[in-house]
Amino acid sequence: MGSFIVIEGIDGAGKSTQARLLAEWFRHRGREVVLTKEPTDTAFGKLIRKLVLTGGREGIIDGAKISHEAEALLFAADRAEHVAKIIKPSLKAGKVVISDRYFYSSLAYQWARGLDLEWLVDLNRFAVRPDLVILLDLPVKESIKRINGRSIRTEFDRIVELQRKVRENYLQLAERFPEIRIVNAHAGVEDVHRDIVALVEHELFGK
Ligand code: TYD
């Protein structure tokens, strides 16, 4: 079996950059890496981008087009494909799978939208548990600075409010799921990468 690592955090936490750096780190050590993400690039992921994330990141804030439940079900359907077609086969082949977001995103975001957490946990029970989840944590004020360029002005306050709730939810989830480890994402890219590598060495290789 391979190793399954997930990177989570609010928008603008630096997930994709750190996922890429971690993938390079493993490749330098001769491991075969599958770098993947949610929403995926499958038909389901495309449907989510069309129905839920219309207008980019802001679309999910107003979310007016479909119900919150339908939204959660779409993310779960996309994930089911992700698990069956990419994650499980890659792990079976002994590869390292690094996913930028996973079901913890559904718990943090859809819970923040007012859905019942236990329903969301049940809905995602099919999703294989990762060996390690790195939660990139930083104050919303900082993340907003990073994503500000991509935001619509009128949505700003609602974005800030949702991100605050999502951050809070992630921190609560870290108390419930022992595989979640919090990394301070406030530092520079290289420092955060070093912290992640130290965690991976400790948690996965017992160093
Ligand atoms: P994001 O990582 O920003 O993808 P991209 O960079 O491709 O646009 O994810 C898009 C948004 O979807 C983000 O705001 C978090 C949200 N999301 C959920 O609400 N639930 C989920 O289950 C997932 C995977 C993402």
# chains A, B, ... in the order shown; residues from 1 in each chain; ligands from 1

$ residues_near_ligand --ligand "ligand 1" --cutoff "6 Å" --atoms "only C-alpha atoms and all ligand atoms" --output "PyMOL selection string"
chain A and resi 11+38-39+57+75+101-103+105-106+109-110

$ residues_around --residues "stretch 177-187 of chain A" --least-positions-apart "2" --cutoff "8 Å" --atoms "only C-alpha atoms" --output "list in words"
Ala13, Gly14, Pro130, Asp131, Leu132, Val133, Ile134, Leu135, Leu136, Asp137, Leu138, Pro139, Glu142, Leu173, Ala174, Glu175, Val189, Asp191, Val192, Asp195 and Ile196 of chain A

$ write_last_selection --atoms "N, CA, C and O atoms" --output "PDB file, in the first residue's frame"
ATOM      1  N   ALA A  13      -4.763  29.665   1.723  1.00  0.00           N
ATOM      2  CA  ALA A  13      -3.822  29.166   2.743  1.00  0.00           C
ATOM      3  C   ALA A  13      -2.522  28.664   2.120  1.00  0.00           C
ATOM      4  O   ALA A  13      -1.540  28.437   2.819  1.00  0.00           O
ATOM      5  N   GLY A  14      -2.524  28.471   0.810  1.00  0.00           N
ATOM      6  CA  GLY A  14      -1.311  28.000   0.116  1.00  0.00           C
ATOM      7  C   GLY A  14      -1.285  26.506  -0.129  1.00  0.00           C
ATOM      8  O   GLY A  14      -0.213  25.917  -0.314  1.00  0.00           O
ATOM      9  N   PRO A 130      -7.209   9.109   5.087  1.00  0.00           N
ATOM     10  CA  PRO A 130      -5.796   9.331   4.757  1.00  0.00           C
ATOM     11  C   PRO A 130      -4.884   8.954   5.931  1.00  0.00           C
ATOM     12  O   PRO A 130      -5.339   8.852   7.064  1.00  0.00           O
ATOM     13  N   ASP A 131      -3.590   8.781   5.635  1.00  0.00           N
ATOM     14  CA  ASP A 131      -2.608   8.528   6.693  1.00  0.00           C
ATOM     15  C   ASP A 131      -2.323   9.810   7.451  1.00  0.00           C
ATOM     16  O   ASP A 131      -1.997   9.779   8.636  1.00  0.00           O
ATOM     17  N   LEU A 132      -2.396  10.922   6.728  1.00  0.00           N
ATOM     18  CA  LEU A 132      -2.069  12.209   7.346  1.00  0.00           C
ATOM     19  C   LEU A 132      -2.833  13.326   6.640  1.00  0.00           C
ATOM     20  O   LEU A 132      -2.897  13.361   5.413  1.00  0.00           O
ATOM     21  N   VAL A 133      -3.412  14.227   7.436  1.00  0.00           N
ATOM     22  CA  VAL A 133      -4.077  15.412   6.882  1.00  0.00           C
ATOM     23  C   VAL A 133      -3.350  16.636   7.431  1.00  0.00           C
ATOM     24  O   VAL A 133      -3.261  16.817   8.648  1.00  0.00           O
ATOM     25  N   ILE A 134      -2.799  17.439   6.518  1.00  0.00           N
ATOM     26  CA  ILE A 134      -2.097  18.647   6.936  1.00  0.00           C
ATOM     27  C   ILE A 134      -3.067  19.811   6.816  1.00  0.00           C
ATOM     28  O   ILE A 134      -3.531  20.137   5.721  1.00  0.00           O
ATOM     29  N   LEU A 135      -3.391  20.408   7.956  1.00  0.00           N
ATOM     30  CA  LEU A 135      -4.295  21.556   7.959  1.00  0.00           C
ATOM     31  C   LEU A 135      -3.455  22.831   7.974  1.00  0.00           C
ATOM     32  O   LEU A 135      -2.799  23.142   8.969  1.00  0.00           O
ATOM     33  N   LEU A 136      -3.451  23.539   6.849  1.00  0.00           N
ATOM     34  CA  LEU A 136      -2.716  24.803   6.767  1.00  0.00           C
ATOM     35  C   LEU A 136      -3.577  25.882   7.392  1.00  0.00           C
ATOM     36  O   LEU A 136      -4.604  26.268   6.838  1.00  0.00           O
ATOM     37  N   ASP A 137      -3.151  26.341   8.551  1.00  0.00           N
ATOM     38  CA  ASP A 137      -3.980  27.299   9.302  1.00  0.00           C
ATOM     39  C   ASP A 137      -3.346  28.682   9.292  1.00  0.00           C
ATOM     40  O   ASP A 137      -2.135  28.820   9.496  1.00  0.00           O
ATOM     41  N   LEU A 138      -4.185  29.664   9.007  1.00  0.00           N
ATOM     42  CA  LEU A 138      -3.727  31.054   9.137  1.00  0.00           C
ATOM     43  C   LEU A 138      -4.936  31.948   9.371  1.00  0.00           C
ATOM     44  O   LEU A 138      -6.070  31.574   9.045  1.00  0.00           O
ATOM     45  N   PRO A 139      -4.685  33.125   9.978  1.00  0.00           N
ATOM     46  CA  PRO A 139      -5.808  34.024  10.243  1.00  0.00           C
ATOM     47  C   PRO A 139      -6.477  34.441   8.937  1.00  0.00           C
ATOM     48  O   PRO A 139      -5.806  34.623   7.920  1.00  0.00           O
ATOM     49  N   GLU A 142      -5.155  37.270   6.859  1.00  0.00           N
ATOM     50  CA  GLU A 142      -4.004  36.991   5.987  1.00  0.00           C
ATOM     51  C   GLU A 142      -4.437  36.318   4.690  1.00  0.00           C
ATOM     52  O   GLU A 142      -3.955  36.647   3.607  1.00  0.00           O
ATOM     53  N   LEU A 173     -12.616  20.259  13.770  1.00  0.00           N
ATOM     54  CA  LEU A 173     -12.462  18.936  13.157  1.00  0.00           C
ATOM     55  C   LEU A 173     -11.129  18.306  13.558  1.00  0.00           C
ATOM     56  O   LEU A 173     -11.015  17.088  13.701  1.00  0.00           O
ATOM     57  N   ALA A 174     -10.110  19.159  13.750  1.00  0.00           N
ATOM     58  CA  ALA A 174      -8.783  18.660  14.138  1.00  0.00           C
ATOM     59  C   ALA A 174      -8.833  17.981  15.507  1.00  0.00           C
ATOM     60  O   ALA A 174      -8.007  17.115  15.815  1.00  0.00           O
ATOM     61  N   GLU A 175      -9.820  18.364  16.316  1.00  0.00           N
ATOM     62  CA  GLU A 175      -9.947  17.715  17.627  1.00  0.00           C
ATOM     63  C   GLU A 175     -10.661  16.375  17.510  1.00  0.00           C
ATOM     64  O   GLU A 175     -10.511  15.507  18.351  1.00  0.00           O
ATOM     65  N   VAL A 189       6.806  30.386   2.359  1.00  0.00           N
ATOM     66  CA  VAL A 189       6.589  29.123   1.650  1.00  0.00           C
ATOM     67  C   VAL A 189       7.599  28.048   2.065  1.00  0.00           C
ATOM     68  O   VAL A 189       7.225  26.904   2.353  1.00  0.00           O
ATOM     69  N   ASP A 191       9.477  27.843   4.807  1.00  0.00           N
ATOM     70  CA  ASP A 191       9.328  27.442   6.210  1.00  0.00           C
ATOM     71  C   ASP A 191       8.153  26.485   6.387  1.00  0.00           C
ATOM     72  O   ASP A 191       8.249  25.494   7.111  1.00  0.00           O
ATOM     73  N   VAL A 192       7.057  26.801   5.722  1.00  0.00           N
ATOM     74  CA  VAL A 192       5.875  25.938   5.821  1.00  0.00           C
ATOM     75  C   VAL A 192       6.205  24.560   5.238  1.00  0.00           C
ATOM     76  O   VAL A 192       5.862  23.523   5.821  1.00  0.00           O
ATOM     77  N   ASP A 195       8.166  22.538   7.706  1.00  0.00           N
ATOM     78  CA  ASP A 195       7.303  22.016   8.772  1.00  0.00           C
ATOM     79  C   ASP A 195       6.517  20.793   8.284  1.00  0.00           C
ATOM     80  O   ASP A 195       6.338  19.815   9.021  1.00  0.00           O
ATOM     81  N   ILE A 196       6.040  20.872   7.053  1.00  0.00           N
ATOM     82  CA  ILE A 196       5.264  19.760   6.495  1.00  0.00           C
ATOM     83  C   ILE A 196       6.142  18.520   6.349  1.00  0.00           C
ATOM     84  O   ILE A 196       5.737  17.411   6.717  1.00  0.00           O
TER      85      ILE A 196
END

$ select_by_dssp --residues "stretch 65-187 of chain A" --states "strand (DSSP E or B)" --output "VMD selection string"
chain A and resid 96 to 100 132 to 137 180 to 184

$ write_last_selection --atoms "N, CA and C atoms" --output "PDB file, in the first residue's frame"
ATOM      1  N   VAL A  96       2.419   7.300  -3.743  1.00  0.00           N
ATOM      2  CA  VAL A  96       2.071   8.325  -2.759  1.00  0.00           C
ATOM      3  C   VAL A  96       0.974   9.182  -3.387  1.00  0.00           C
ATOM      4  N   VAL A  97      -0.150   9.288  -2.710  1.00  0.00           N
ATOM      5  CA  VAL A  97      -1.232  10.135  -3.207  1.00  0.00           C
ATOM      6  C   VAL A  97      -1.288  11.395  -2.341  1.00  0.00           C
ATOM      7  N   ILE A  98      -1.200  12.557  -2.998  1.00  0.00           N
ATOM      8  CA  ILE A  98      -1.325  13.833  -2.292  1.00  0.00           C
ATOM      9  C   ILE A  98      -2.536  14.548  -2.860  1.00  0.00           C
ATOM     10  N   SER A  99      -3.531  14.778  -2.011  1.00  0.00           N
ATOM     11  CA  SER A  99      -4.748  15.442  -2.496  1.00  0.00           C
ATOM     12  C   SER A  99      -4.906  16.825  -1.878  1.00  0.00           C
ATOM     13  N   ASP A 100      -5.092  17.801  -2.757  1.00  0.00           N
ATOM     14  CA  ASP A 100      -5.381  19.178  -2.372  1.00  0.00           C
ATOM     15  C   ASP A 100      -6.898  19.233  -2.135  1.00  0.00           C
ATOM     16  N   LEU A 132      -2.396  10.922   6.728  1.00  0.00           N
ATOM     17  CA  LEU A 132      -2.069  12.209   7.346  1.00  0.00           C
ATOM     18  C   LEU A 132      -2.833  13.326   6.640  1.00  0.00           C
ATOM     19  N   VAL A 133      -3.412  14.227   7.436  1.00  0.00           N
ATOM     20  CA  VAL A 133      -4.077  15.412   6.882  1.00  0.00           C
ATOM     21  C   VAL A 133      -3.350  16.636   7.431  1.00  0.00           C
ATOM     22  N   ILE A 134      -2.799  17.439   6.518  1.00  0.00           N
ATOM     23  CA  ILE A 134      -2.097  18.647   6.936  1.00  0.00           C
ATOM     24  C   ILE A 134      -3.067  19.811   6.816  1.00  0.00           C
ATOM     25  N   LEU A 135      -3.391  20.408   7.956  1.00  0.00           N
ATOM     26  CA  LEU A 135      -4.295  21.556   7.959  1.00  0.00           C
ATOM     27  C   LEU A 135      -3.455  22.831   7.974  1.00  0.00           C
ATOM     28  N   LEU A 136      -3.451  23.539   6.849  1.00  0.00           N
ATOM     29  CA  LEU A 136      -2.716  24.803   6.767  1.00  0.00           C
ATOM     30  C   LEU A 136      -3.577  25.882   7.392  1.00  0.00           C
ATOM     31  N   ASP A 137      -3.151  26.341   8.551  1.00  0.00           N
ATOM     32  CA  ASP A 137      -3.980  27.299   9.302  1.00  0.00           C
ATOM     33  C   ASP A 137      -3.346  28.682   9.292  1.00  0.00           C
ATOM     34  N   ILE A 180      -5.584  14.600  11.567  1.00  0.00           N
ATOM     35  CA  ILE A 180      -5.369  16.005  11.198  1.00  0.00           C
ATOM     36  C   ILE A 180      -4.270  16.617  12.060  1.00  0.00           C
ATOM     37  N   ARG A 181      -3.278  17.207  11.389  1.00  0.00           N
ATOM     38  CA  ARG A 181      -2.208  17.931  12.093  1.00  0.00           C
ATOM     39  C   ARG A 181      -2.209  19.377  11.610  1.00  0.00           C
ATOM     40  N   ILE A 182      -2.128  20.302  12.541  1.00  0.00           N
ATOM     41  CA  ILE A 182      -2.189  21.720  12.193  1.00  0.00           C
ATOM     42  C   ILE A 182      -0.795  22.265  11.922  1.00  0.00           C
ATOM     43  N   VAL A 183      -0.652  22.952  10.791  1.00  0.00           N
ATOM     44  CA  VAL A 183       0.608  23.609  10.456  1.00  0.00           C
ATOM     45  C   VAL A 183       0.327  25.108  10.319  1.00  0.00           C
ATOM     46  N   ASN A 184       1.152  25.913  10.935  1.00  0.00           N
ATOM     47  CA  ASN A 184       1.010  27.362  10.837  1.00  0.00           C
ATOM     48  C   ASN A 184       1.408  27.809   9.429  1.00  0.00           C
TER      49      ASN A 184
END

$ closest_residue --among "A:Ile10, A:Val128, A:Ser3, A:Val166" --to "A:Ile147" --atoms "only C-alpha atoms"
A:Ile10

$ residues_around --residues "A:Val34" --least-positions-apart "3" --cutoff "12 Å" --atoms "only C-alpha atoms" --output "mmCIF file with C-alpha atoms, in the first residue's frame"
data_model
loop_
_atom_site.group_PDB
_atom_site.id
_atom_site.type_symbol
_atom_site.label_atom_id
_atom_site.label_comp_id
_atom_site.auth_asym_id
_atom_site.auth_seq_id
_atom_site.Cartn_x
_atom_site.Cartn_y
_atom_site.Cartn_z
ATOM 1 C CA GLY A 2 1.100 3.542 -0.724
ATOM 2 C CA SER A 3 0.725 6.608 1.460
ATOM 3 C CA PHE A 4 -2.229 8.968 1.370
ATOM 4 C CA ILE A 5 -1.686 12.599 2.383
ATOM 5 C CA VAL A 6 -4.293 15.368 2.244
ATOM 6 C CA ALA A 19 1.038 20.088 -2.315
ATOM 7 C CA ARG A 20 3.321 20.645 -5.302
ATOM 8 C CA LEU A 22 5.626 17.966 -1.126
ATOM 9 C CA ALA A 23 5.115 15.996 -4.340
ATOM 10 C CA GLU A 24 8.584 17.134 -5.528
ATOM 11 C CA PHE A 26 8.717 12.597 -2.498
ATOM 12 C CA ARG A 27 9.805 12.345 -6.150
ATOM 13 C CA ARG A 31 8.653 7.686 -4.866
ATOM 14 C CA LYS A 37 -7.322 17.636 -5.970
ATOM 15 C CA ILE A 86 -7.732 7.560 -8.638
ATOM 16 C CA ILE A 87 -7.072 7.221 -4.902
ATOM 17 C CA LYS A 88 -7.685 3.513 -4.289
ATOM 18 C CA PRO A 89 -5.932 2.218 -7.447
ATOM 19 C CA SER A 90 -2.913 4.479 -6.836
ATOM 20 C CA LEU A 91 -2.562 3.380 -3.221
ATOM 21 C CA ALA A 93 -0.042 0.312 -6.744
ATOM 22 C CA GLY A 94 2.128 1.580 -3.873
ATOM 23 C CA LYS A 95 2.149 5.216 -4.933
ATOM 24 C CA VAL A 96 2.071 8.325 -2.759
ATOM 25 C CA VAL A 97 -1.232 10.135 -3.207
ATOM 26 C CA ILE A 98 -1.325 13.833 -2.292
ATOM 27 C CA SER A 99 -4.748 15.442 -2.496
ATOM 28 C CA ASP A 100 -5.381 19.178 -2.372
#

$ select_by_dssp --residues "stretch 75-167 of chain A" --states "helix (DSSP H, G or I)" --output "ChimeraX atom specification"
/A:75-92,103-112,117-123,140-150,153-167

$ closest_residue --among "A:Leu204, A:Leu21, A:Ala72, A:Met1" --to "A:Val121" --atoms "only C-alpha atoms"
A:Ala72

$ closest_residue --among "A:Val83, A:Leu53, A:Ile159, A:Ala77" --to "A:Val140" --atoms "only C-alpha atoms"
A:Ile159

$ atom_distance --atom1 "atom CA of A:Ala76" --atom2 "atom CA of A:Phe156"
27.5 Å

$ atom_distance --atom1 "atom CA of A:Glu168" --atom2 "atom CA of A:Arg49"
24.9 Å

$ closest_residue --among "A:Gly9, A:Glu118, A:Glu201, A:Gly206" --to "A:Lys165" --atoms "only C-alpha atoms"
A:Gly9

$ decode --residues "stretch 94-117 of chain A" --atoms "N, CA and C atoms" --output "short mmCIF file (atom, residue, chain, number, x, y, z; two decimals), in the first residue's frame"
data_model
loop_
_atom_site.label_atom_id
_atom_site.label_comp_id
_atom_site.auth_asym_id
_atom_site.auth_seq_id
_atom_site.Cartn_x
_atom_site.Cartn_y
_atom_site.Cartn_z
N GLY A 94 1.00 1.19 -4.71
CA GLY A 94 2.13 1.58 -3.87
C GLY A 94 2.58 3.03 -4.03
N LYS A 95 1.75 3.83 -4.70
CA LYS A 95 2.15 5.22 -4.93
C LYS A 95 1.81 6.12 -3.73
N VAL A 96 2.42 7.30 -3.74
CA VAL A 96 2.07 8.33 -2.76
C VAL A 96 0.97 9.18 -3.39
N VAL A 97 -0.15 9.29 -2.71
CA VAL A 97 -1.23 10.13 -3.21
C VAL A 97 -1.29 11.39 -2.34
N ILE A 98 -1.20 12.56 -3.00
CA ILE A 98 -1.32 13.83 -2.29
C ILE A 98 -2.54 14.55 -2.86
N SER A 99 -3.53 14.78 -2.01
CA SER A 99 -4.75 15.44 -2.50
C SER A 99 -4.91 16.83 -1.88
N ASP A 100 -5.09 17.80 -2.76
CA ASP A 100 -5.38 19.18 -2.37
C ASP A 100 -6.90 19.23 -2.14
N ARG A 101 -7.30 19.13 -0.88
CA ARG A 101 -8.69 19.02 -0.39
C ARG A 101 -9.19 17.58 -0.50
N TYR A 102 -10.11 17.25 0.45
CA TYR A 102 -10.75 15.93 0.50
C TYR A 102 -12.03 16.10 1.31
N PHE A 103 -12.52 15.02 1.96
CA PHE A 103 -13.86 15.16 2.57
C PHE A 103 -13.89 16.15 3.74
N TYR A 104 -12.72 16.47 4.29
CA TYR A 104 -12.68 17.45 5.39
C TYR A 104 -13.16 18.82 4.88
N SER A 105 -12.94 19.08 3.57
CA SER A 105 -13.45 20.32 2.98
C SER A 105 -14.97 20.34 3.03
N SER A 106 -15.58 19.19 2.73
CA SER A 106 -17.05 19.13 2.79
C SER A 106 -17.54 19.36 4.21
N LEU A 107 -16.82 18.75 5.18
CA LEU A 107 -17.23 18.94 6.57
C LEU A 107 -17.10 20.41 6.96
N ALA A 108 -15.96 21.02 6.64
CA ALA A 108 -15.72 22.40 7.07
C ALA A 108 -16.62 23.40 6.34
N TYR A 109 -16.74 23.26 5.02
CA TYR A 109 -17.50 24.26 4.24
C TYR A 109 -19.01 24.03 4.29
N GLN A 110 -19.44 22.77 4.07
CA GLN A 110 -20.89 22.54 4.03
C GLN A 110 -21.50 22.66 5.44
N TRP A 111 -20.72 22.35 6.44
CA TRP A 111 -21.16 22.58 7.83
C TRP A 111 -21.31 24.10 8.05
N ALA A 112 -20.36 24.85 7.54
CA ALA A 112 -20.42 26.31 7.66
C ALA A 112 -21.64 26.88 6.94
N ARG A 113 -22.14 26.14 5.95
CA ARG A 113 -23.32 26.60 5.21
C ARG A 113 -24.60 26.24 5.94
N GLY A 114 -24.47 25.56 7.09
CA GLY A 114 -25.64 25.29 7.91
C GLY A 114 -26.11 23.85 7.89
N LEU A 115 -25.42 22.97 7.16
CA LEU A 115 -25.83 21.57 7.14
C LEU A 115 -25.39 20.87 8.43
N ASP A 116 -26.05 19.74 8.69
CA ASP A 116 -25.78 18.99 9.91
C ASP A 116 -24.46 18.22 9.77
N LEU A 117 -23.56 18.42 10.72
CA LEU A 117 -22.23 17.80 10.63
C LEU A 117 -22.31 16.28 10.58
#
